[in-house]
$ cat query-v8.txt   # compact mmCIF, C-alpha atoms
# COMPACT_ATOMS: atom_id res chain seq x y z
CA MET W 278 -3.75 13.01 -7.48
CA PHE W 279 -5.59 12.20 -10.70
CA LEU W 280 -2.86 12.90 -13.27
CA SER W 281 -0.37 10.72 -11.40
CA THR W 282 -2.65 7.72 -10.80
CA ILE W 283 -2.13 5.36 -13.73
CA PHE W 284 -4.06 2.35 -15.00
CA ILE W 285 -1.76 -0.55 -15.88
CA SER W 286 -2.33 -3.89 -17.54
CA ILE W 287 0.18 -6.76 -17.60
CA GLU W 288 -0.08 -9.55 -20.16
CA PHE W 289 1.94 -12.76 -20.44
CA GLU W 290 1.69 -16.40 -21.53
CA ASP W 291 1.38 -19.07 -18.85
CA ASP W 292 2.88 -22.56 -18.99
CA ASN W 293 -0.05 -23.69 -21.16
CA LYS W 294 0.64 -20.92 -23.69
CA GLU W 295 -2.57 -19.19 -22.71
CA THR W 296 -2.67 -15.41 -22.38
CA VAL W 297 -3.11 -14.14 -18.81
CA THR W 298 -3.89 -10.49 -18.03
CA PHE W 299 -3.46 -8.69 -14.70
CA GLU W 300 -4.95 -5.21 -14.17
CA GLY W 301 -4.32 -2.76 -11.39
CA THR W 302 -3.57 0.76 -10.26
CA SER W 303 -0.19 2.47 -10.00
CA PHE W 304 1.03 5.98 -9.30
CA VAL W 305 3.94 8.13 -10.43
CA TYR W 306 6.58 8.61 -7.74
CA GLU W 307 9.94 10.35 -7.84
CA ALA W 308 12.36 8.28 -5.80
CA MET W 309 15.03 10.56 -4.35
CA LYS W 310 18.38 9.88 -2.70
CA ASN W 311 21.50 12.04 -2.31
CA GLY W 312 20.17 14.59 -4.79
CA ASN W 313 19.40 11.98 -7.45
CA VAL W 314 15.85 11.45 -8.74
CA ILE W 315 14.43 8.41 -10.56
CA PRO W 316 10.80 8.50 -11.78
CA VAL W 317 8.94 5.23 -11.25
CA LEU W 318 5.49 3.71 -11.01
CA ILE W 319 4.64 2.15 -7.65
CA THR W 320 2.16 -0.71 -7.40
CA ASN W 321 1.72 -4.05 -5.65
CA ASN W 322 3.96 -7.03 -6.27
CA HIS W 323 0.94 -9.23 -6.97
CA VAL W 324 -0.06 -6.93 -9.85
CA VAL W 325 3.29 -7.55 -11.60
CA PRO W 326 4.01 -11.31 -11.87
CA TYR W 327 7.48 -12.68 -11.10
CA TYR W 328 7.48 -14.63 -14.37
CA PRO W 329 8.06 -14.90 -17.30
CA GLU W 330 11.34 -13.07 -17.93
CA LYS W 331 9.61 -10.43 -20.06
CA LEU W 332 6.19 -8.94 -19.42
CA LYS W 333 4.00 -6.97 -21.81
CA ILE W 334 3.03 -3.91 -19.79
CA SER W 335 0.47 -1.36 -20.97
CA MET W 336 -0.06 1.92 -19.16
CA ASN W 337 -2.44 4.79 -19.88
CA LEU W 338 -0.26 7.91 -19.87
CA HIS W 339 -1.33 11.52 -20.34
CA ILE W 340 0.87 12.70 -23.20
CA LYS W 341 0.90 15.31 -25.95
CA LYS W 342 -1.71 14.25 -28.52
CA HIS W 343 0.33 15.44 -31.51
CA LYS W 344 3.98 16.38 -31.80
CA GLU W 345 3.00 19.79 -33.18
CA ASP W 346 0.77 20.68 -30.20
CA SER W 347 2.07 23.51 -28.03
CA SER W 348 0.59 22.10 -24.82
CA ILE W 349 -0.79 18.93 -23.24
CA SER W 350 -4.40 18.60 -22.16
CA PRO W 351 -5.02 16.56 -18.98
CA THR W 352 -7.62 14.57 -20.90
CA ASP W 353 -5.18 13.57 -23.66
CA PHE W 354 -3.87 10.07 -23.10
CA GLU W 355 -2.51 7.12 -25.04
CA THR W 356 -1.89 3.53 -24.07
CA VAL W 357 1.86 2.92 -24.14
CA THR W 358 2.83 -0.74 -24.40
CA PHE W 359 6.26 -2.30 -24.06
CA GLU W 360 8.06 -5.50 -23.16
CA TYR W 361 9.60 -5.17 -19.74
CA PRO W 362 12.43 -7.39 -18.44
CA GLN W 363 12.13 -8.63 -14.87
CA SER W 364 15.56 -7.16 -14.13
CA ALA W 365 14.07 -3.67 -14.57
CA ILE W 366 11.33 -4.22 -11.99
CA VAL W 367 12.43 -3.44 -8.44
CA ARG W 368 10.83 -5.52 -5.69
CA HIS W 369 10.69 -4.62 -2.02
CA PRO W 370 13.63 -6.29 -0.21
CA ASP W 371 11.20 -7.80 2.31
CA LYS W 372 9.21 -10.36 0.31
CA GLN W 373 6.35 -10.03 2.80
CA VAL W 374 5.83 -6.41 1.70
CA ASP W 375 3.60 -6.35 -1.38
CA LEU W 376 5.27 -3.45 -3.19
CA CYS W 377 7.35 -2.92 -6.32
CA MET W 378 8.59 -0.15 -8.61
CA ILE W 379 8.43 -0.05 -12.40
CA LEU W 380 10.96 2.25 -14.03
CA LEU W 381 9.36 5.07 -16.00
CA ILE W 382 12.61 6.21 -17.61
CA PRO W 383 12.28 3.98 -20.72
CA ALA W 384 8.73 5.19 -21.42
CA MET W 385 9.58 8.84 -20.75
CA ASP W 386 12.72 8.71 -22.92
CA TYR W 387 10.75 7.12 -25.74
CA LEU W 388 7.97 9.74 -25.53
CA ASP W 389 10.50 12.60 -25.42
CA LYS W 390 12.30 11.09 -28.42
CA ILE W 391 9.13 11.17 -30.56
CA GLY W 392 8.19 14.66 -29.33
CA ARG W 393 5.19 13.62 -27.24
CA PRO W 394 6.24 14.12 -23.60
CA MET W 395 4.29 12.86 -20.61
CA LEU W 396 2.19 15.13 -18.37
CA TYR W 397 2.32 14.20 -14.70
CA VAL W 398 2.56 15.65 -11.20
CA PRO W 399 4.70 13.16 -9.26
CA PHE W 400 4.45 12.20 -5.64
CA SER W 401 7.60 11.91 -3.57
CA SER W 402 8.81 11.44 -0.01
CA LEU W 403 7.74 15.06 0.59
CA TRP W 404 4.12 13.82 0.57
CA ILE W 405 4.77 11.17 3.25
CA PRO W 406 4.20 12.28 6.85
CA PRO W 407 7.15 12.01 9.27
CA LYS W 408 7.08 9.03 11.64
CA ASN W 409 6.54 11.30 14.65
CA LYS W 410 3.50 12.96 13.08
CA LEU W 411 0.48 12.68 15.39
CA PHE W 412 -2.90 11.81 13.91
CA ASP W 413 -6.40 11.24 15.24
CA SER W 414 -7.56 7.65 15.69
CA ILE W 415 -10.00 8.21 12.83
CA GLU W 416 -8.98 10.25 9.80
CA GLU W 417 -10.67 10.84 6.45
CA ILE W 418 -8.97 9.27 3.44
CA ILE W 419 -9.29 9.34 -0.36
CA ILE W 420 -8.30 6.57 -2.77
CA PRO W 421 -8.01 7.35 -6.50
CA GLY W 422 -7.83 4.11 -8.46
CA PHE W 423 -9.34 1.82 -11.05
CA PRO W 424 -11.82 -0.50 -9.28
CA MET W 425 -12.89 -3.35 -11.57
CA GLY W 426 -10.03 -2.45 -13.90
CA SER W 427 -10.96 -1.97 -17.54
CA LEU W 428 -14.65 -2.72 -16.80
CA TYR W 429 -15.16 0.68 -15.13
CA LEU W 430 -12.31 2.46 -16.94
CA ASP W 431 -13.15 5.84 -18.50
CA GLN W 432 -12.02 5.06 -22.06
CA ILE W 433 -12.19 8.73 -23.05
CA ASN W 434 -10.20 10.42 -20.27
CA SER W 435 -8.55 7.54 -18.36
CA PHE W 436 -8.95 9.39 -15.07
CA PRO W 437 -9.15 7.27 -11.91
CA ILE W 438 -12.28 6.81 -9.83
CA ALA W 439 -11.97 8.42 -6.40
CA ARG W 440 -13.47 6.82 -3.31
CA LYS W 441 -13.68 8.33 0.14
CA GLY W 442 -13.73 6.72 3.56
CA ILE W 443 -12.09 6.72 6.97
CA THR W 444 -9.27 4.89 8.68
CA ALA W 445 -10.54 1.78 10.47
CA THR W 446 -7.43 1.43 12.65
CA PRO W 447 -5.23 4.33 13.82
CA LEU W 448 -2.41 5.42 11.53
CA TYR W 449 -0.04 5.52 14.49
CA MET W 450 -0.56 1.78 15.17
CA ASP W 451 0.84 -1.17 13.19
CA TYR W 452 -2.03 -3.54 12.46
CA ARG W 453 -1.10 -7.03 13.72
CA GLY W 454 2.46 -5.82 14.20
CA GLU W 455 2.98 -5.10 10.48
CA LYS W 456 3.48 -1.72 8.80
CA LYS W 457 -0.18 -1.66 7.73
CA PHE W 458 -3.49 -0.09 8.72
CA LEU W 459 -7.12 -0.74 7.83
CA ILE W 460 -9.61 1.51 6.09
CA ASP W 461 -13.40 1.51 5.96
CA VAL W 462 -13.65 1.40 2.17
CA ASP W 463 -15.03 -1.45 0.08
CA GLY W 464 -12.24 -3.46 -1.51
CA ILE W 465 -12.73 -3.96 -5.24
CA SER W 466 -10.49 -5.81 -7.67
CA GLY W 467 -8.40 -3.38 -9.72
CA SER W 468 -7.72 -1.06 -6.79
CA SER W 469 -4.51 -2.87 -5.88
CA GLY W 470 -1.59 -0.44 -5.95
CA ALA W 471 -3.75 2.65 -5.47
CA PRO W 472 -2.31 5.49 -3.37
CA VAL W 473 -4.17 6.25 -0.14
CA PHE W 474 -4.26 9.88 0.96
CA LEU W 475 -5.23 11.46 4.21
CA TYR W 476 -7.36 14.39 3.09
CA ASP W 477 -8.76 17.20 5.19
CA ALA W 478 -10.37 19.99 3.17
CA ILE W 479 -10.51 22.47 6.06
CA GLY W 480 -6.75 22.92 6.17
CA SER W 481 -4.16 22.08 8.79
CA LYS W 482 -4.98 20.09 11.91
CA ASN W 483 -2.25 19.23 14.41
CA ARG W 484 -2.32 17.10 17.54
CA ASP W 485 0.28 17.61 20.25
CA SER W 486 1.77 14.95 22.53
CA ASN W 487 -0.74 15.83 25.26
CA GLY W 488 -3.69 15.11 23.01
CA GLY W 489 -4.54 18.72 22.28
CA VAL W 490 -5.72 19.66 18.78
CA SER W 491 -5.10 22.91 16.97
CA VAL W 492 -6.93 23.69 13.73
CA ILE W 493 -5.84 26.26 11.18
CA ILE W 494 -8.55 27.11 8.64
CA SER W 495 -6.87 27.47 5.27
CA SER W 496 -7.61 27.40 1.56
CA GLN W 497 -4.94 24.70 1.33
CA PRO W 498 -6.21 21.23 2.33
CA ARG W 499 -4.19 18.91 4.54
CA VAL W 500 -2.98 16.09 2.28
CA TYR W 501 -0.55 13.23 3.02
CA LEU W 502 0.35 10.09 1.12
CA VAL W 503 -0.20 7.60 3.95
CA GLY W 504 -0.24 4.26 2.18
CA ILE W 505 -0.77 1.92 -0.75
CA TYR W 506 -3.93 -0.18 -1.02
CA CYS W 507 -3.11 -3.89 -1.30
CA ALA W 508 -6.06 -6.11 -0.34
CA HIS W 509 -9.37 -6.42 1.48
CA PHE W 510 -11.00 -8.81 3.91
CA ALA W 511 -13.66 -11.13 2.56
CA TYR W 512 -15.79 -13.91 3.98
CA CYS W 513 -17.82 -16.81 2.64
CA SER W 514 -21.50 -17.25 3.34
CA ASP W 515 -23.70 -20.29 2.79
CA THR W 516 -26.14 -20.43 -0.11
CA ASN W 517 -29.07 -22.71 -0.81
CA ASN W 518 -26.69 -24.96 -2.72
CA PRO W 519 -24.30 -26.63 -0.22
CA GLU W 520 -21.67 -26.92 -2.94
CA ILE W 521 -21.60 -23.17 -3.58
CA LYS W 522 -20.19 -20.56 -1.26
CA SER W 523 -20.84 -16.86 -1.77
CA VAL W 524 -17.79 -14.63 -1.26
CA ASN W 525 -18.65 -11.27 0.25
CA SER W 526 -16.52 -8.20 0.86
CA SER W 527 -16.26 -7.00 4.44
CA ASN W 528 -15.82 -3.38 3.26
CA ILE W 529 -12.50 -3.33 5.13
CA GLY W 530 -9.40 -2.59 3.07
CA ILE W 531 -5.76 -3.33 3.96
CA VAL W 532 -3.18 -0.61 3.34
CA ILE W 533 0.63 -0.80 3.42
CA LYS W 534 2.07 2.21 5.19
CA ALA W 535 3.82 4.71 2.92
CA GLU W 536 6.97 4.57 5.04
CA GLN W 537 7.68 1.19 3.38
CA ILE W 538 8.49 3.09 0.18
CA GLN W 539 11.83 4.14 1.68
CA ALA W 540 13.22 0.58 1.75
CA LEU W 541 11.98 0.16 -1.81
CA THR W 542 13.76 3.38 -2.79
CA ASP W 543 17.00 2.15 -1.20
CA GLU W 544 16.67 -1.08 -3.18
CA LEU W 545 16.13 0.92 -6.38
CA PHE W 546 19.29 2.96 -5.89
CA ARG W 547 21.31 -0.15 -5.04
CA HIS W 548 20.57 -1.32 -8.58
CA SER W 549 20.61 2.09 -10.29
CA ARG W 550 24.03 1.46 -11.84
CA LYS W 551 22.47 -1.03 -14.20
CA THR W 552 21.96 0.29 -17.70
CA TYR W 553 18.58 -0.05 -19.38
CA ARG W 554 18.91 0.25 -23.15
CA LEU W 555 15.83 1.84 -24.71
CA GLU W 556 15.78 -0.59 -27.64
CA ASN W 557 15.39 -3.52 -25.24
CA PHE W 558 11.90 -2.40 -24.22
CA LYS W 559 10.16 -2.46 -27.63
CA LEU W 560 7.92 0.48 -26.83
CA SER W 561 4.90 1.44 -28.89
CA ILE W 562 1.81 3.65 -28.64
CA ASN W 563 -1.60 2.13 -29.30
CA GLU W 564 -3.09 4.74 -31.60

$ encode --input "query-v8.txt" --output "structure tokens"
Amino acid sequence: MFLSTIFISIEFEDDNKETVTFEGTSFVYEAMKNGNVIPVLITNNHVVPYYPEKLKISMNLHIKKHKEDSSISPTDFETVTFEYPQSAIVRHPDKQVDLCMILLIPAMDYLDKIGRPMLYVPFSSLWIPPKNKLFDSIEEIIIPGFPMGSLYLDQINSFPIARKGITATPLYMDYRGEKKFLIDVDGISGSSGAPVFLYDAIGSKNRDSNGGVSVIISSQPRVYLVGIYCAHFAYCSDTNNPEIKSVNSSNIGIVIKAEQIQALTDELFRHSRKTYRLENFKLSINE
């Protein structure tokens, strides 16, 4: 979970020529279709602006520290920065679904070219539970991410901060008729795009169609990628000053169901015939 959860920062100039920076969480995912695999970063649409045409994207990647090193340490990372054209960012075909993919191929090709490959353990559709999978109404979940962005970022290791909670609405229900569910975890800026995992340390637990539960104690935990964190509920409260409202978190997070990744994958492969020339990305490593 930790090696594949990546801190990203997007920088661009607004219409007033002022620099604007967005920060968020992403995770490495191998999109697969018909035997073909494309490595990408998945995050929320609102983390990656629709304009301008080129974005300056920085990502903290775990890579070989020196070309001569024989191995890569999980704590070795560098900030890789490059200009990214909008045409190379794949948005979910349903504009109401706050998801997008950022191609990792340019960064990986660049790192391989300079002899400093990337260390990662990708997620894929194999981590996503089948639609007919039966879950309890309340399940334990874990969210690795970067709450508060660079403010809480571990500048030495760049590992995400893990938070633990429970589902607040059942996974088998669509909250308000949308492919979403709620979690009882405080929503903090910077967590957008974080993967949400069902995690059960005791092993395998299965529920049958009659409501019966069977538990298999195992050294292998039960882990599923069940969603992508996108937002949280907040409310305003009155203060002593009538002109000032205090915004408070409700500690309820909103999660897009992981099954929405499939439509995003289909959209990616519809555009996979496009060629992305490495020199167009202006990649560099911030030493």

$ residues_around --input "query-v8.txt" --residues "Glu536 in chain W" --least-positions-apart "3" --cutoff "10 Å" --atoms "all atoms listed in the file" --output "PDB file with C-alpha atoms, keeping the file's coordinate frame"
ATOM      1  CA  SER W 402       8.810  11.440  -0.010  1.00  0.00           C
ATOM      2  CA  ILE W 405       4.770  11.170   3.250  1.00  0.00           C
ATOM      3  CA  PRO W 406       4.200  12.280   6.850  1.00  0.00           C
ATOM      4  CA  PRO W 407       7.150  12.010   9.270  1.00  0.00           C
ATOM      5  CA  LYS W 408       7.080   9.030  11.640  1.00  0.00           C
ATOM      6  CA  LYS W 456       3.480  -1.720   8.800  1.00  0.00           C
ATOM      7  CA  LYS W 457      -0.180  -1.660   7.730  1.00  0.00           C
ATOM      8  CA  LEU W 502       0.350  10.090   1.120  1.00  0.00           C
ATOM      9  CA  VAL W 503      -0.200   7.600   3.950  1.00  0.00           C
ATOM     10  CA  GLY W 504      -0.240   4.260   2.180  1.00  0.00           C
ATOM     11  CA  ILE W 533       0.630  -0.800   3.420  1.00  0.00           C
ATOM     12  CA  GLN W 539      11.830   4.140   1.680  1.00  0.00           C
ATOM     13  CA  ALA W 540      13.220   0.580   1.750  1.00  0.00           C
ATOM     14  CA  LEU W 541      11.980   0.160  -1.810  1.00  0.00           C
TER      15      LEU W 541
END

$ closest_atom_pairs --input "query-v8.txt" --of "range 360-464 of chain W" --to "range 320-332 of chain W" --cutoff "6 Å" --atoms "only C-alpha atoms" --output "JSON lines"
{"residue": "W:Glu360", "atom": "CA", "partner": "W:Leu332", "partner_atom": "CA", "distance": 5.4}
{"residue": "W:Tyr361", "atom": "CA", "partner": "W:Leu332", "partner_atom": "CA", "distance": 5.1}
{"residue": "W:Pro362", "atom": "CA", "partner": "W:Lys331", "partner_atom": "CA", "distance": 4.5}
{"residue": "W:Gln363", "atom": "CA", "partner": "W:Glu330", "partner_atom": "CA", "distance": 5.4}
{"residue": "W:Asp375", "atom": "CA", "partner": "W:Asn322", "partner_atom": "CA", "distance": 5.0}
{"residue": "W:Leu376", "atom": "CA", "partner": "W:Asn321", "partner_atom": "CA", "distance": 4.4}
{"residue": "W:Cys377", "atom": "CA", "partner": "W:Asn322", "partner_atom": "CA", "distance": 5.3}

$ closest_residue --input "query-v8.txt" --among "W:Leu380, W:Met385, W:Ile420, W:Leu448" --to "Pro472 in chain W" --atoms "only C-alpha atoms"
W:Ile420

$ atom_distance --input "query-v8.txt" --atom1 "CA of Thr542 in chain W" --atom2 "CA of Ser303 in chain W"
15.7 Å

$ atom_distance --input "query-v8.txt" --atom1 "CA of Phe359 in chain W" --atom2 "CA of Pro437 in chain W"
21.8 Å

$ atom_distance --input "query-v8.txt" --atom1 "CA of Ser281 in chain W" --atom2 "CA of Leu411 in chain W"
26.9 Å

$ residues_around --input "query-v8.txt" --residues "Tyr452 in chain W" --least-positions-apart "6" --cutoff "10 Å" --atoms "only C-alpha atoms" --output "PDB file with C-alpha atoms, keeping the file's coordinate frame"
ATOM      1  CA  THR W 446      -7.430   1.430  12.650  1.00  0.00           C
ATOM      2  CA  PHE W 458      -3.490  -0.090   8.720  1.00  0.00           C
ATOM      3  CA  LEU W 459      -7.120  -0.740   7.830  1.00  0.00           C
ATOM      4  CA  ILE W 531      -5.760  -3.330   3.960  1.00  0.00           C
ATOM      5  CA  VAL W 532      -3.180  -0.610   3.340  1.00  0.00           C
ATOM      6  CA  ILE W 533       0.630  -0.800   3.420  1.00  0.00           C
TER       7      ILE W 533
END

$ closest_residue --input "query-v8.txt" --among "W:Asp291, W:Glu307, W:Asp461, W:Asp353" --to "Pro399 in chain W" --atoms "only C-alpha atoms"
W:Glu307

$ residues_around --input "query-v8.txt" --residues "Ala384 in chain W" --least-positions-apart "3" --cutoff "8 Å" --atoms "all atoms listed in the file" --output "PyMOL selection string"
chain W and resi 357+381+387-388+560

$ residues_near_point --input "query-v8.txt" --point "(-11.8, 3.4, -14.7)" --cutoff "7 Å" --atoms "all atoms listed in the file" --output "JSON, numbers by chain"
{"W": [423, 424, 426, 427, 429, 430, 431, 435, 436, 437, 438]}

$ decode --input "query-v8.txt" --residues "range 298-327 of chain W" --atoms "N, CA and C atoms" --output "short mmCIF file (atom, residue, chain, number, x, y, z; two decimals), in the first residue's frame"
data_model
loop_
_atom_site.label_atom_id
_atom_site.label_comp_id
_atom_site.auth_asym_id
_atom_site.auth_seq_id
_atom_site.Cartn_x
_atom_site.Cartn_y
_atom_site.Cartn_z
N THR W 298 -1.14 26.22 -6.91
CA THR W 298 -0.65 24.87 -6.64
C THR W 298 -1.77 24.02 -6.03
N PHE W 299 -1.98 22.85 -6.62
CA PHE W 299 -2.90 21.85 -6.07
C PHE W 299 -2.06 20.69 -5.54
N GLU W 300 -2.44 20.15 -4.39
CA GLU W 300 -1.76 18.98 -3.83
C GLU W 300 -2.77 17.89 -3.54
N GLY W 301 -2.34 16.65 -3.69
CA GLY W 301 -3.25 15.55 -3.43
C GLY W 301 -2.53 14.22 -3.36
N THR W 302 -3.31 13.18 -3.30
CA THR W 302 -2.81 11.81 -3.21
C THR W 302 -3.15 11.08 -4.50
N SER W 303 -2.28 10.18 -4.91
CA SER W 303 -2.56 9.31 -6.06
C SER W 303 -2.01 7.93 -5.74
N PHE W 304 -2.33 6.96 -6.59
CA PHE W 304 -1.76 5.63 -6.38
C PHE W 304 -1.49 4.96 -7.71
N VAL W 305 -0.47 4.10 -7.71
CA VAL W 305 -0.04 3.42 -8.93
C VAL W 305 -1.02 2.28 -9.23
N TYR W 306 -1.47 2.24 -10.47
CA TYR W 306 -2.45 1.24 -10.88
C TYR W 306 -2.07 0.73 -12.26
N GLU W 307 -2.12 -0.57 -12.45
CA GLU W 307 -1.87 -1.14 -13.77
C GLU W 307 -3.20 -1.44 -14.44
N ALA W 308 -3.54 -0.58 -15.42
CA ALA W 308 -4.78 -0.78 -16.16
C ALA W 308 -4.56 -1.91 -17.16
N MET W 309 -5.47 -2.88 -17.16
CA MET W 309 -5.30 -4.06 -17.99
C MET W 309 -6.52 -4.28 -18.87
N LYS W 310 -6.25 -4.67 -20.14
CA LYS W 310 -7.34 -5.01 -21.06
C LYS W 310 -6.77 -5.84 -22.20
N ASN W 311 -7.39 -6.99 -22.43
CA ASN W 311 -6.99 -7.89 -23.54
C ASN W 311 -5.49 -8.22 -23.51
N GLY W 312 -4.97 -8.42 -22.31
CA GLY W 312 -3.56 -8.79 -22.18
C GLY W 312 -2.60 -7.63 -22.22
N ASN W 313 -3.09 -6.42 -22.44
CA ASN W 313 -2.24 -5.23 -22.46
C ASN W 313 -2.27 -4.53 -21.10
N VAL W 314 -1.14 -3.97 -20.70
CA VAL W 314 -1.03 -3.31 -19.39
C VAL W 314 -0.45 -1.91 -19.57
N ILE W 315 -1.10 -0.91 -18.96
CA ILE W 315 -0.61 0.46 -18.99
C ILE W 315 -0.52 0.96 -17.55
N PRO W 316 0.68 1.29 -17.06
CA PRO W 316 0.81 1.83 -15.69
C PRO W 316 0.39 3.29 -15.64
N VAL W 317 -0.42 3.62 -14.64
CA VAL W 317 -0.94 4.98 -14.49
C VAL W 317 -0.96 5.37 -13.02
N LEU W 318 -1.18 6.64 -12.78
CA LEU W 318 -1.54 7.13 -11.45
C LEU W 318 -3.03 7.45 -11.49
N ILE W 319 -3.76 7.03 -10.46
CA ILE W 319 -5.17 7.38 -10.34
C ILE W 319 -5.33 8.41 -9.24
N THR W 320 -6.12 9.44 -9.51
CA THR W 320 -6.44 10.45 -8.50
C THR W 320 -7.79 11.05 -8.86
N ASN W 321 -8.16 12.12 -8.16
CA ASN W 321 -9.43 12.80 -8.45
C ASN W 321 -9.26 13.83 -9.56
N ASN W 322 -10.33 14.03 -10.31
CA ASN W 322 -10.33 15.07 -11.34
C ASN W 322 -10.03 16.44 -10.75
N HIS W 323 -10.59 16.73 -9.56
CA HIS W 323 -10.42 18.08 -9.02
C HIS W 323 -8.99 18.34 -8.54
N VAL W 324 -8.18 17.29 -8.45
CA VAL W 324 -6.76 17.47 -8.10
C VAL W 324 -5.96 17.92 -9.32
N VAL W 325 -6.41 17.53 -10.52
CA VAL W 325 -5.71 17.83 -11.77
C VAL W 325 -6.59 18.77 -12.59
N PRO W 326 -6.29 20.07 -12.60
CA PRO W 326 -7.15 21.05 -13.29
C PRO W 326 -7.30 20.75 -14.79
N TYR W 327 -8.42 21.20 -15.34
CA TYR W 327 -8.69 21.03 -16.76
C TYR W 327 -7.92 22.04 -17.62
#
